[in-house]
$ cat model.tsv   # TSV, C-alpha atoms
chain	number	residue	atom	x	y	z
Q	29	MET	CA	88.56	50.18	27.24
Q	30	LYS	CA	92.01	50.31	28.82
Q	31	LYS	CA	92.14	49.21	32.47
Q	32	ILE	CA	94.52	51.43	34.42
Q	33	ALA	CA	95.85	51.68	37.95
Q	34	ILE	CA	96.75	55.12	39.28
Q	35	LEU	CA	99.22	54.98	42.17
Q	36	GLY	CA	99.38	58.31	43.99
Q	37	ILE	CA	96.02	59.39	42.59
Q	38	THR	CA	95.64	62.34	44.99
Q	39	GLY	CA	98.98	63.94	44.05
Q	40	SER	CA	99.63	66.43	41.27
Q	41	VAL	CA	100.27	63.88	38.49
Q	42	GLY	CA	97.46	61.67	39.80
Q	43	ARG	CA	94.95	64.52	39.63
Q	44	SER	CA	96.06	65.39	36.10
Q	45	THR	CA	95.54	61.75	35.13
Q	46	VAL	CA	92.09	61.79	36.67
Q	47	ASN	CA	91.18	64.80	34.57
Q	48	ILE	CA	92.21	62.91	31.42
Q	49	VAL	CA	90.04	59.95	32.41
Q	50	ARG	CA	87.19	62.36	33.18
Q	51	ASN	CA	87.42	63.77	29.65
Q	52	HIS	CA	87.90	60.38	27.98
Q	53	SER	CA	85.70	58.07	30.02
Q	54	ASP	CA	85.05	55.94	26.94
Q	55	GLU	CA	88.76	55.10	26.68
Q	56	PHE	CA	89.90	54.39	30.26
Q	57	THR	CA	88.57	52.75	33.39
Q	58	ILE	CA	90.36	52.96	36.74
Q	59	VAL	CA	90.49	49.54	38.39
Q	60	LEU	CA	92.92	50.38	41.20
Q	61	ALA	CA	93.84	53.63	42.95
Q	62	SER	CA	96.13	54.40	45.86
Q	63	SER	CA	96.98	57.32	48.09
Q	64	HIS	CA	99.29	57.55	51.07
Q	65	ASN	CA	97.28	59.80	53.38
Q	66	ASN	CA	94.46	61.57	51.55
Q	67	TYR	CA	91.64	59.07	52.06
Q	68	SER	CA	88.94	61.74	51.75
Q	69	GLU	CA	89.86	62.62	48.17
Q	70	LEU	CA	90.53	58.95	47.40
Q	71	PHE	CA	86.99	58.05	48.49
Q	72	ASN	CA	85.47	60.94	46.52
Q	73	LEU	CA	87.25	59.79	43.37
Q	74	ALA	CA	86.15	56.21	44.01
Q	75	ALA	CA	82.53	57.38	44.09
Q	76	GLU	CA	82.93	59.49	40.93
Q	77	PHE	CA	84.68	56.82	38.85
Q	78	ASN	CA	83.32	53.70	40.52
Q	79	ILE	CA	86.85	52.48	41.32
Q	80	PRO	CA	86.58	48.90	42.65
Q	81	ASN	CA	89.91	48.69	44.53
Q	82	LEU	CA	91.36	51.35	46.84
Q	83	VAL	CA	94.56	51.35	48.89
Q	84	LEU	CA	95.72	53.76	51.57
Q	85	THR	CA	99.40	52.95	51.97
Q	86	ASN	CA	99.73	54.68	55.35
Q	87	LYS	CA	98.60	51.62	57.26
Q	88	THR	CA	98.48	53.37	60.65
Q	89	GLN	CA	96.05	55.96	59.38
Q	90	ALA	CA	94.11	53.41	57.34
Q	91	GLU	CA	93.33	51.35	60.43
Q	92	LYS	CA	91.45	54.32	61.94
Q	93	ILE	CA	89.16	54.98	58.98
Q	94	THR	CA	85.44	54.31	59.15
Q	95	GLY	CA	82.67	55.05	56.68
Q	96	LEU	CA	84.19	53.24	53.72
Q	97	PRO	CA	82.84	53.99	50.22
Q	98	GLU	CA	80.17	51.72	48.72
Q	99	ASN	CA	81.04	49.47	45.79
Q	100	SER	CA	84.78	49.61	46.56
Q	101	LYS	CA	87.08	47.23	48.38
Q	102	PHE	CA	89.45	49.00	50.75
Q	103	TYR	CA	92.99	47.79	51.45
Q	104	ARG	CA	95.73	48.98	53.78
Q	105	GLY	CA	99.48	49.28	53.35
Q	106	SER	CA	102.07	48.79	50.63
Q	107	GLU	CA	101.93	44.99	50.89
Q	108	ASP	CA	98.27	44.96	49.89
Q	109	LEU	CA	99.05	47.33	47.02
Q	110	GLN	CA	101.74	45.01	45.66
Q	111	GLN	CA	99.41	42.02	45.88
Q	112	LEU	CA	96.67	43.86	43.97
Q	113	ILE	CA	99.06	44.96	41.21
Q	114	ALA	CA	100.14	41.34	40.78
Q	115	GLU	CA	96.65	39.82	40.88
Q	116	LEU	CA	94.27	42.26	39.17
Q	117	GLU	CA	93.69	42.44	35.43
Q	118	ILE	CA	95.48	45.71	34.59
Q	119	ASP	CA	96.67	47.00	31.21
Q	120	LEU	CA	98.76	49.91	32.51
Q	121	VAL	CA	100.04	51.06	35.90
Q	122	LEU	CA	100.72	54.78	36.23
Q	123	ASN	CA	103.19	55.15	39.11
Q	124	ALA	CA	102.89	58.71	40.44
Q	125	ILE	CA	103.91	57.87	44.01
Q	126	SER	CA	106.17	60.58	45.40
Q	127	GLY	CA	109.79	59.79	46.15
Q	128	SER	CA	111.52	56.53	47.02
Q	129	ALA	CA	108.27	54.97	48.21
Q	130	GLY	CA	107.42	54.30	44.55
Q	131	LEU	CA	110.27	51.86	43.90
Q	132	ILE	CA	108.59	48.63	45.05
Q	133	SER	CA	105.46	49.30	42.99
Q	134	SER	CA	107.58	49.81	39.86
Q	135	LEU	CA	109.32	46.49	40.41
Q	136	THR	CA	106.04	44.68	41.11
Q	137	THR	CA	104.50	46.11	37.93
Q	138	ILE	CA	107.42	44.97	35.78
Q	139	ARG	CA	107.55	41.53	37.41
Q	140	SER	CA	103.82	41.19	36.67
Q	141	GLY	CA	104.37	41.90	32.97
Q	142	ILE	CA	102.28	45.08	33.06
Q	143	ASP	CA	103.25	48.21	31.15
Q	144	LEU	CA	104.49	50.97	33.45
Q	145	ALA	CA	103.79	54.66	32.90
Q	146	LEU	CA	106.56	56.01	35.11
Q	147	ALA	CA	106.26	59.35	36.85
Q	148	ASN	CA	108.37	58.18	39.79
Q	149	LYS	CA	111.94	59.01	38.77
Q	150	GLU	CA	113.32	57.69	42.06
Q	151	SER	CA	112.62	54.12	40.93
Q	152	LEU	CA	115.41	54.41	38.38
Q	153	VAL	CA	117.62	56.68	40.46
Q	154	LEU	CA	117.78	54.15	43.30
Q	155	ALA	CA	117.56	50.89	41.41
Q	156	GLY	CA	118.08	51.42	37.70
Q	157	HIS	CA	120.29	48.35	37.49
Q	158	LEU	CA	117.64	46.17	39.13
Q	159	ILE	CA	114.83	47.51	36.95
Q	160	GLU	CA	116.96	47.00	33.86
Q	161	SER	CA	117.48	43.37	34.87
Q	162	GLU	CA	113.77	42.82	35.56
Q	163	LEU	CA	112.79	44.36	32.21
Q	164	SER	CA	115.06	41.93	30.38
Q	165	GLN	CA	112.93	39.08	31.77
Q	166	SER	CA	109.52	40.72	31.41
Q	167	SER	CA	107.02	41.69	28.71
Q	168	SER	CA	106.55	45.01	30.50
Q	169	ASN	CA	107.46	48.31	28.84
Q	170	ILE	CA	108.29	51.60	30.55
Q	171	ILE	CA	106.64	54.70	29.09
Q	172	PRO	CA	108.11	57.83	30.71
Q	173	VAL	CA	105.68	60.43	32.06
Q	174	ASP	CA	108.02	63.25	33.11
Q	175	SER	CA	107.71	65.90	30.42
Q	176	GLU	CA	111.45	65.86	29.65
Q	177	HIS	CA	111.67	62.09	29.25
Q	178	SER	CA	108.41	61.90	27.34
Q	179	ALA	CA	109.84	64.48	24.95
Q	180	ILE	CA	113.00	62.40	24.41
Q	181	PHE	CA	110.94	59.22	24.06
Q	182	GLN	CA	108.78	60.84	21.37
Q	183	ALA	CA	111.74	62.42	19.53
Q	184	ILE	CA	113.73	59.19	19.40
Q	185	SER	CA	110.68	57.12	18.44
Q	186	SER	CA	111.90	54.06	16.53
Q	187	THR	CA	115.43	55.38	15.91
Q	188	PRO	CA	118.07	52.91	17.20
Q	189	LEU	CA	119.67	54.29	20.36
Q	190	GLU	CA	123.16	53.92	18.88
Q	191	GLN	CA	122.17	56.63	16.39
Q	192	VAL	CA	121.53	59.10	19.23
Q	193	ARG	CA	124.54	61.30	20.03
Q	194	PHE	CA	123.38	63.54	22.88
Q	195	LEU	CA	120.34	64.25	25.08
Q	196	THR	CA	119.58	67.72	26.44
Q	197	LEU	CA	116.91	68.20	29.08
Q	198	THR	CA	115.48	71.64	29.74
Q	199	ALA	CA	114.97	73.24	33.15
Q	200	SER	CA	112.85	76.25	34.00
Q	201	GLY	CA	115.38	77.43	36.56
Q	202	GLY	CA	112.67	77.61	39.22
Q	203	PRO	CA	111.79	80.66	41.29
Q	204	PHE	CA	115.37	81.73	42.06
Q	205	LEU	CA	116.89	81.81	38.60
Q	206	ASN	CA	117.48	85.56	38.73
Q	207	LEU	CA	117.61	86.12	42.47
Q	208	PRO	CA	120.95	87.65	43.58
Q	209	LEU	CA	123.02	85.02	45.37
Q	210	LYS	CA	123.47	87.32	48.36
Q	211	LYS	CA	119.72	87.03	49.01
Q	212	PHE	CA	119.64	83.22	49.16
Q	213	ASN	CA	119.93	83.24	52.96
Q	214	ASN	CA	116.56	85.01	53.10
Q	215	ILE	CA	114.62	82.58	50.90
Q	216	THR	CA	111.38	81.41	52.57
Q	217	LEU	CA	109.35	78.23	52.16
Q	218	GLU	CA	106.61	80.25	50.48
Q	219	ASP	CA	109.11	81.68	47.99
Q	220	THR	CA	110.33	78.19	47.17
Q	221	LEU	CA	106.88	76.73	46.57
Q	222	ASN	CA	105.95	79.52	44.16
Q	223	HIS	CA	107.09	77.92	40.90
Q	224	PRO	CA	106.95	80.26	37.88
Q	225	THR	CA	105.71	77.81	35.22
Q	226	TRP	CA	104.69	74.39	36.59
Q	227	ASN	CA	102.00	73.36	39.08
Q	228	MET	CA	103.55	70.45	41.00
Q	229	GLY	CA	103.63	68.80	44.40
Q	230	ASN	CA	105.75	70.24	47.23
Q	231	LYS	CA	108.69	67.85	46.90
Q	232	VAL	CA	109.27	68.25	43.17
Q	233	THR	CA	108.71	72.00	43.44
Q	234	ILE	CA	111.50	72.26	46.02
Q	235	ASP	CA	113.67	69.94	43.93
Q	236	SER	CA	113.09	72.29	41.00
Q	237	ALA	CA	114.23	75.27	43.06
Q	238	THR	CA	117.49	73.52	44.01
Q	239	MET	CA	117.82	71.84	40.59
Q	240	MET	CA	118.12	68.46	42.29
Q	241	ASN	CA	115.19	67.37	40.17
Q	242	LYS	CA	117.23	67.90	37.03
Q	243	ALA	CA	120.10	65.81	38.41
Q	244	LEU	CA	117.63	63.02	39.18
Q	245	GLU	CA	116.19	63.36	35.67
Q	246	VAL	CA	119.66	63.03	34.12
Q	247	ILE	CA	120.15	59.78	36.03
Q	248	GLU	CA	116.68	58.62	34.97
Q	249	ALA	CA	117.46	59.43	31.33
Q	250	HIS	CA	120.69	57.41	31.60
Q	251	TRP	CA	118.70	54.29	32.48
Q	252	LEU	CA	115.76	54.92	30.15
Q	253	PHE	CA	117.79	55.64	27.02
Q	254	LYS	CA	121.00	53.68	27.65
Q	255	LYS	CA	123.26	56.71	27.32
Q	256	PRO	CA	126.24	57.49	29.58
Q	257	ILE	CA	125.72	60.57	31.74
Q	258	ALA	CA	128.57	62.27	29.85
Q	259	GLU	CA	126.18	62.31	26.87
Q	260	ILE	CA	123.27	63.84	28.81
Q	261	ASP	CA	123.01	67.40	30.12
Q	262	ALA	CA	120.47	70.06	31.03
Q	263	ILE	CA	120.10	73.73	30.13
Q	264	ILE	CA	118.01	76.59	31.49
Q	265	HIS	CA	114.89	77.35	29.46
Q	266	PRO	CA	112.65	79.58	31.62
Q	267	GLN	CA	109.61	79.44	29.32
Q	268	SER	CA	109.29	75.63	29.64
Q	269	ILE	CA	108.02	75.32	26.06
Q	270	ILE	CA	110.70	72.99	24.71
Q	271	HIS	CA	110.95	70.00	27.02
Q	272	SER	CA	114.04	68.25	25.64
Q	273	PHE	CA	116.36	68.04	22.64
Q	274	VAL	CA	117.72	64.91	20.98
Q	275	LYS	CA	120.84	65.23	18.82
Q	276	PHE	CA	121.41	62.41	16.35
Q	277	ILE	CA	124.72	61.19	14.93
Q	278	ASP	CA	124.11	63.01	11.64
Q	279	GLY	CA	123.96	66.33	13.52
Q	280	SER	CA	120.20	66.85	13.30
Q	281	LEU	CA	118.39	68.07	16.41
Q	282	LEU	CA	114.79	67.21	17.30
Q	283	ALA	CA	112.78	68.92	20.05
Q	284	GLN	CA	109.32	68.32	21.46
Q	285	MET	CA	107.43	71.45	22.50
Q	286	SER	CA	104.14	72.45	24.12
Q	287	PHE	CA	102.85	74.81	26.74
Q	288	PRO	CA	103.74	73.45	30.22
Q	289	ASP	CA	100.87	71.08	30.99
Q	290	MET	CA	101.53	67.63	32.46
Q	291	GLN	CA	98.33	66.29	30.96
Q	292	LEU	CA	99.96	66.03	27.54
Q	293	PRO	CA	102.80	63.60	28.45
Q	294	ILE	CA	100.39	61.69	30.70
Q	295	LEU	CA	97.91	61.31	27.83
Q	296	TYR	CA	100.70	60.07	25.56
Q	297	ALA	CA	101.76	57.50	28.17
Q	298	LEU	CA	98.18	56.29	28.62
Q	299	THR	CA	97.60	55.80	24.90
Q	300	TYR	CA	101.08	54.71	23.69
Q	301	PRO	CA	101.85	53.54	21.03
Q	302	ASP	CA	98.77	55.31	19.66
Q	303	ARG	CA	97.69	58.92	19.99
Q	304	LEU	CA	94.20	59.96	21.06
Q	305	ALA	CA	92.35	62.94	19.59
Q	306	SER	CA	92.01	65.40	22.45
Q	307	ASP	CA	91.71	69.12	23.12
Q	308	ILE	CA	93.01	68.86	26.69
Q	309	SER	CA	96.21	70.74	25.84
Q	310	GLU	CA	96.75	72.99	22.82
Q	311	THR	CA	99.84	75.03	21.88
Q	312	ASP	CA	99.23	78.19	19.83
Q	313	LEU	CA	102.43	79.08	17.96
Q	314	PHE	CA	101.38	82.73	17.73
Q	315	SER	CA	101.04	82.91	21.51
Q	316	LEU	CA	104.50	81.58	22.28
Q	317	PRO	CA	106.85	83.84	24.22
Q	318	GLU	CA	110.43	84.43	23.10
Q	319	LEU	CA	112.36	81.22	23.78
Q	320	THR	CA	115.67	81.65	25.63
Q	321	PHE	CA	118.37	79.25	26.79
Q	322	SER	CA	121.34	79.52	29.13
Q	323	LYS	CA	123.82	77.33	30.98
Q	324	ILE	CA	123.25	76.16	34.55
Q	325	GLU	CA	125.39	78.11	37.06
Q	326	LYS	CA	127.27	75.91	39.51
Q	327	GLU	CA	127.29	78.51	42.28
Q	328	ARG	CA	123.53	78.96	42.02
Q	329	PHE	CA	122.59	75.29	41.58
Q	330	PRO	CA	125.34	73.16	43.21
Q	331	LEU	CA	123.03	70.17	43.71
Q	332	TYR	CA	122.63	69.70	39.96
Q	333	PHE	CA	126.38	69.21	39.54
Q	334	LEU	CA	126.65	67.07	42.67
Q	335	GLY	CA	123.82	64.87	41.44
Q	336	ARG	CA	125.49	64.37	38.05
Q	337	GLU	CA	128.70	63.26	39.77
Q	338	ILE	CA	126.76	60.82	41.95
Q	339	GLY	CA	125.00	59.44	38.87
Q	340	ILE	CA	128.37	58.78	37.25
Q	341	GLU	CA	129.70	57.02	40.35
Q	342	SER	CA	126.40	55.06	40.62
Q	343	GLY	CA	126.16	52.12	43.04
Q	344	LEU	CA	124.59	52.94	46.39
Q	345	LEU	CA	125.44	56.66	46.29
Q	346	PRO	CA	122.28	57.70	44.39
Q	347	THR	CA	120.22	56.08	47.17
Q	348	ILE	CA	122.22	57.92	49.81
Q	349	MET	CA	121.81	61.21	47.98
Q	350	ASN	CA	118.10	60.71	47.41
Q	351	ALA	CA	117.41	59.74	51.03
Q	352	ALA	CA	119.34	62.76	52.31
Q	353	ASN	CA	117.42	64.97	49.89
Q	354	GLU	CA	114.03	63.63	50.99
Q	355	ALA	CA	114.93	64.11	54.66
Q	356	ALA	CA	116.23	67.63	54.06
Q	357	ILE	CA	113.08	68.57	52.16
Q	358	ASP	CA	110.91	67.29	55.01
Q	359	LEU	CA	112.91	69.40	57.45
Q	360	PHE	CA	112.54	72.43	55.19
Q	361	LEU	CA	108.79	71.90	54.79
Q	362	ASN	CA	108.52	71.82	58.58
Q	363	ARG	CA	110.57	75.05	58.83
Q	364	LYS	CA	113.41	73.42	60.76
Q	365	ILE	CA	116.13	74.38	58.28
Q	366	ARG	CA	116.73	77.15	55.74
Q	367	PHE	CA	116.73	76.78	51.97
Q	368	VAL	CA	120.52	77.09	51.83
Q	369	ASP	CA	120.82	74.24	54.35
Q	370	LEU	CA	119.41	71.74	51.86
Q	371	SER	CA	122.63	71.61	49.89
Q	372	LYS	CA	124.77	71.54	53.04
Q	373	LEU	CA	122.93	68.55	54.54
Q	374	ILE	CA	122.97	66.53	51.32
Q	375	THR	CA	126.62	67.22	50.55
Q	376	HIS	CA	127.75	66.41	54.10
Q	377	THR	CA	125.82	63.14	54.10
Q	378	ILE	CA	127.29	61.95	50.80
Q	379	GLU	CA	130.83	62.86	51.86
Q	380	ASN	CA	130.52	60.78	55.02
Q	381	GLU	CA	129.05	57.57	53.57
Q	382	SER	CA	130.65	54.72	51.63
Q	383	ASN	CA	129.60	53.46	48.23
Q	384	ILE	CA	128.68	49.89	47.27
Q	385	ASP	CA	128.64	48.71	43.66
Q	386	ALA	CA	125.43	47.14	42.32
Q	387	PRO	CA	123.57	46.96	45.67
Q	388	ASP	CA	120.74	44.47	46.04
Q	389	LEU	CA	117.17	45.56	46.78
Q	390	ASP	CA	117.35	44.93	50.53
Q	391	THR	CA	120.50	47.02	50.81
Q	392	ILE	CA	118.89	49.86	48.85
Q	393	LEU	CA	115.71	49.86	50.93
Q	394	GLN	CA	117.52	49.63	54.28
Q	395	THR	CA	120.05	52.30	53.34
Q	396	ASN	CA	117.24	54.57	52.21
Q	397	VAL	CA	115.56	54.30	55.62
Q	398	ASP	CA	118.81	54.57	57.59
Q	399	ILE	CA	120.08	57.68	55.80
Q	400	TYR	CA	116.70	59.39	55.96
Q	401	ASN	CA	116.46	58.82	59.71
Q	402	LYS	CA	120.08	59.79	60.28
Q	403	VAL	CA	119.67	63.15	58.56
Q	404	LYS	CA	116.41	63.85	60.40
Q	405	GLN	CA	118.06	63.07	63.74
Q	406	ASP	CA	121.48	64.69	63.23
Q	407	TYR	CA	120.71	67.77	61.15
Q	408	LYS	CA	121.41	70.23	63.96
Q	409	ASN	CA	124.89	68.80	64.55
Q	410	ILE	CA	125.61	68.69	60.83
Q	411	LEU	CA	124.68	72.36	60.39
Q	412	LYS	CA	126.69	73.66	63.35
$ encode --input "model.tsv" --output "structure tokens"
Amino acid sequence: MKKIAILGITGSVGRSTVNIVRNHSDEFTIVLASSHNNYSELFNLAAEFNIPNLVLTNKTQAEKITGLPENSKFYRGSEDLQQLIAELEIDLVLNAISGSAGLISSLTTIRSGIDLALANKESLVLAGHLIESELSQSSSNIIPVDSEHSAIFQAISSTPLEQVRFLTLTASGGPFLNLPLKKFNNITLEDTLNHPTWNMGNKVTIDSATMMNKALEVIEAHWLFKKPIAEIDAIIHPQSIIHSFVKFIDGSLLAQMSFPDMQLPILYALTYPDRLASDISETDLFSLPELTFSKIEKERFPLYFLGREIGIESGLLPTIMNAANEAAIDLFLNRKIRFVDLSKLITHTIENESNIDAPDLDTILQTNVDIYNKVKQDYKNILK
């Protein structure tokens, strides 16, 4: 029985993981679960799976909660979460926390020598150099959960990385792939959250619409697979059947494919290096649509190209970009800015900040907070 911790259990990836545990209760037991705000669902899951340790990381909200679940210990705030990761007997931590808030938990997991199933790409975007250093001193392994990185991980398998020539991630193109550019000013929040192929949380759905998510995934792939960003790219594949390609030095090309269902890469991460017999996700070759591919248009998806440039420059700039992106998305979700303003806010912020090579953790965390607050406070002036 594998003992797992699910961080961000009430989010999209967390719920998919729960469904896997529900269908394979003889293989996995949840010993720790966290949510940021959704204590009601957290408590319901604790009752269903008899989860002994629960954390609500929004400490202010946690202090107000009464009627705690029986048979579970309840903790409050990120500090308690880090302490539990370090102290509990855990075989695998699945980090599905949304955004930059997941970074500290990734570092704590690695420092504790626990294998990390990583669904939080921001951990590597902000602090890839720090995580790389921690991994070199730890027995921990990272198993990627994002479908694109899981596909690369599976395709490469035991092949030495120096025998890999090029990595190609696929992108659905989101809801606006074929929308005339002249109509972008009229895009609504509802339009943006209506993803054509994937069922995801609000942030990653918006990131998919702007293609920022693919830029972040390129940076993540750079750290996971030790390839320069010049040897990593993305292409449009609207059907989302092939999740990535790996080209080897002999010219051969391997791809991993399945119908778009996050449960499959999650299941692989939970069972790695083994595979578990399961009928959770099946791909019928005779039901596949025609598979098409195209290049990413810079005019339509400027944030993808900006994000690649920031990844190449590295240092503190990825943190600045990510913080500006998270702030802009929050403003968009609260209907304070338009869809087209997302790119404007992020670009302006990056152009007006200075880079620092190899920033330490304190600098990353403080800059993340400062830039986020700055964008939230100054967005009206920036967009004038």
$ atom_distance --input "model.tsv" --atom1 "CA of Gly39 in chain Q" --atom2 "CA of Gly229 in chain Q"
6.7 Å
$ closest_residue --input "model.tsv" --among "Q:Asp278, Q:Asp369, Q:Glu379, Q:Glu341" --to "Tyr407 in chain Q" --atoms "only C-alpha atoms"
Q:Asp369
$ residues_around --input "model.tsv" --residues "Asp388 in chain Q" --least-positions-apart "5" --cutoff "12 Å" --atoms "all atoms listed in the file" --output "ChimeraX atom specification"
/Q:154-159,161,343-344,347,393-395
$ atom_distance --input "model.tsv" --atom1 "CA of Glu115 in chain Q" --atom2 "CA of Glu160 in chain Q"
22.7 Å
$ residues_near_point --input "model.tsv" --point "(80.7, 54.7, 49.7)" --cutoff "9 Å" --atoms "only C-alpha atoms" --output "PyMOL selection string"
chain Q and resi 71-72+74-75+95-100
$ atom_distance --input "model.tsv" --atom1 "CA of Val192 in chain Q" --atom2 "CA of Ile277 in chain Q"
5.7 Å
$ residues_around --input "model.tsv" --residues "Tyr332 in chain Q" --least-positions-apart "2" --cutoff "7 Å" --atoms "only C-alpha atoms" --output "ChimeraX atom specification"
/Q:239-240,242-243,329-330,334-336
$ write_last_selection --input "model.tsv" --atoms "C-alpha atoms" --output "PDB file, in the coordinates of the input"
ATOM      1  CA  MET Q 239     117.820  71.840  40.590  1.00  0.00           C
ATOM      2  CA  MET Q 240     118.120  68.460  42.290  1.00  0.00           C
ATOM      3  CA  LYS Q 242     117.230  67.900  37.030  1.00  0.00           C
ATOM      4  CA  ALA Q 243     120.100  65.810  38.410  1.00  0.00           C
ATOM      5  CA  PHE Q 329     122.590  75.290  41.580  1.00  0.00           C
ATOM      6  CA  PRO Q 330     125.340  73.160  43.210  1.00  0.00           C
ATOM      7  CA  LEU Q 334     126.650  67.070  42.670  1.00  0.00           C
ATOM      8  CA  GLY Q 335     123.820  64.870  41.440  1.00  0.00           C
ATOM      9  CA  ARG Q 336     125.490  64.370  38.050  1.00  0.00           C
TER      10      ARG Q 336
END
$ residues_around --input "model.tsv" --residues "Ile340 in chain Q" --least-positions-apart "2" --cutoff "12 Å" --atoms "all atoms listed in the file" --output "list of chain:residue names"
Q:Val153, Q:Ala243, Q:Leu244, Q:Val246, Q:Ile247, Q:Glu248, Q:His250, Q:Trp251, Q:Lys255, Q:Pro256, Q:Ile257, Q:Ala258, Q:Glu259, Q:Ile260, Q:Phe333, Q:Leu334, Q:Gly335, Q:Arg336, Q:Glu337, Q:Ile338, Q:Ser342, Q:Gly343, Q:Leu344, Q:Leu345, Q:Pro346, Q:Asp385
$ write_last_selection --input "model.tsv" --atoms "C-alpha atoms" --output "mmCIF file, in the frame of the given file"
data_model
loop_
_atom_site.group_PDB
_atom_site.id
_atom_site.type_symbol
_atom_site.label_atom_id
_atom_site.label_comp_id
_atom_site.auth_asym_id
_atom_site.auth_seq_id
_atom_site.Cartn_x
_atom_site.Cartn_y
_atom_site.Cartn_z
ATOM 1 C CA VAL Q 153 117.620 56.680 40.460
ATOM 2 C CA ALA Q 243 120.100 65.810 38.410
ATOM 3 C CA LEU Q 244 117.630 63.020 39.180
ATOM 4 C CA VAL Q 246 119.660 63.030 34.120
ATOM 5 C CA ILE Q 247 120.150 59.780 36.030
ATOM 6 C CA GLU Q 248 116.680 58.620 34.970
ATOM 7 C CA HIS Q 250 120.690 57.410 31.600
ATOM 8 C CA TRP Q 251 118.700 54.290 32.480
ATOM 9 C CA LYS Q 255 123.260 56.710 27.320
ATOM 10 C CA PRO Q 256 126.240 57.490 29.580
ATOM 11 C CA ILE Q 257 125.720 60.570 31.740
ATOM 12 C CA ALA Q 258 128.570 62.270 29.850
ATOM 13 C CA GLU Q 259 126.180 62.310 26.870
ATOM 14 C CA ILE Q 260 123.270 63.840 28.810
ATOM 15 C CA PHE Q 333 126.380 69.210 39.540
ATOM 16 C CA LEU Q 334 126.650 67.070 42.670
ATOM 17 C CA GLY Q 335 123.820 64.870 41.440
ATOM 18 C CA ARG Q 336 125.490 64.370 38.050
ATOM 19 C CA GLU Q 337 128.700 63.260 39.770
ATOM 20 C CA ILE Q 338 126.760 60.820 41.950
ATOM 21 C CA SER Q 342 126.400 55.060 40.620
ATOM 22 C CA GLY Q 343 126.160 52.120 43.040
ATOM 23 C CA LEU Q 344 124.590 52.940 46.390
ATOM 24 C CA LEU Q 345 125.440 56.660 46.290
ATOM 25 C CA PRO Q 346 122.280 57.700 44.390
ATOM 26 C CA ASP Q 385 128.640 48.710 43.660
#
$ closest_residue --input "model.tsv" --among "Q:Leu209, Q:Ser175, Q:Thr136, Q:Ile93" --to "Leu292 in chain Q" --atoms "all atoms listed in the file"
Q:Ser175
$ residues_around --input "model.tsv" --residues "Ile32 in chain Q" --least-positions-apart "4" --cutoff "10 Å" --atoms "all atoms listed in the file" --output "PyMOL selection string"
chain Q and resi 49+56-61+117-122+143+145+298
$ build_atoms --input "model.tsv" --residues "range 93-104 of chain Q" --atoms "N, CA and C atoms" --output "short mmCIF file (atom, residue, chain, number, x, y, z; two decimals), in the frame of the given file"
data_model
loop_
_atom_site.label_atom_id
_atom_site.label_comp_id
_atom_site.auth_asym_id
_atom_site.auth_seq_id
_atom_site.Cartn_x
_atom_site.Cartn_y
_atom_site.Cartn_z
N ILE Q 93 90.20 54.44 59.85
CA ILE Q 93 89.16 54.98 58.98
C ILE Q 93 87.88 54.17 59.09
N THR Q 94 86.77 54.91 59.19
CA THR Q 94 85.44 54.31 59.15
C THR Q 94 84.66 54.95 58.00
N GLY Q 95 83.48 54.46 57.74
CA GLY Q 95 82.67 55.05 56.68
C GLY Q 95 83.26 54.82 55.31
N LEU Q 96 83.56 53.57 54.99
CA LEU Q 96 84.19 53.24 53.72
C LEU Q 96 83.21 53.42 52.56
N PRO Q 97 83.72 53.74 51.36
CA PRO Q 97 82.84 53.99 50.22
C PRO Q 97 82.14 52.71 49.76
N GLU Q 98 80.91 52.86 49.26
CA GLU Q 98 80.17 51.72 48.72
C GLU Q 98 80.79 51.29 47.39
N ASN Q 99 80.62 50.04 47.08
CA ASN Q 99 81.04 49.47 45.79
C ASN Q 99 82.56 49.44 45.59
N SER Q 100 83.32 49.67 46.65
CA SER Q 100 84.78 49.61 46.56
C SER Q 100 85.33 48.74 47.68
N LYS Q 101 86.35 47.96 47.36
CA LYS Q 101 87.08 47.23 48.38
C LYS Q 101 88.24 48.09 48.85
N PHE Q 102 88.44 48.12 50.16
CA PHE Q 102 89.45 49.00 50.75
C PHE Q 102 90.57 48.16 51.35
N TYR Q 103 91.82 48.52 50.99
CA TYR Q 103 92.99 47.79 51.45
C TYR Q 103 93.96 48.75 52.13
N ARG Q 104 94.86 48.18 52.94
CA ARG Q 104 95.73 48.98 53.78
C ARG Q 104 97.19 48.56 53.62
#
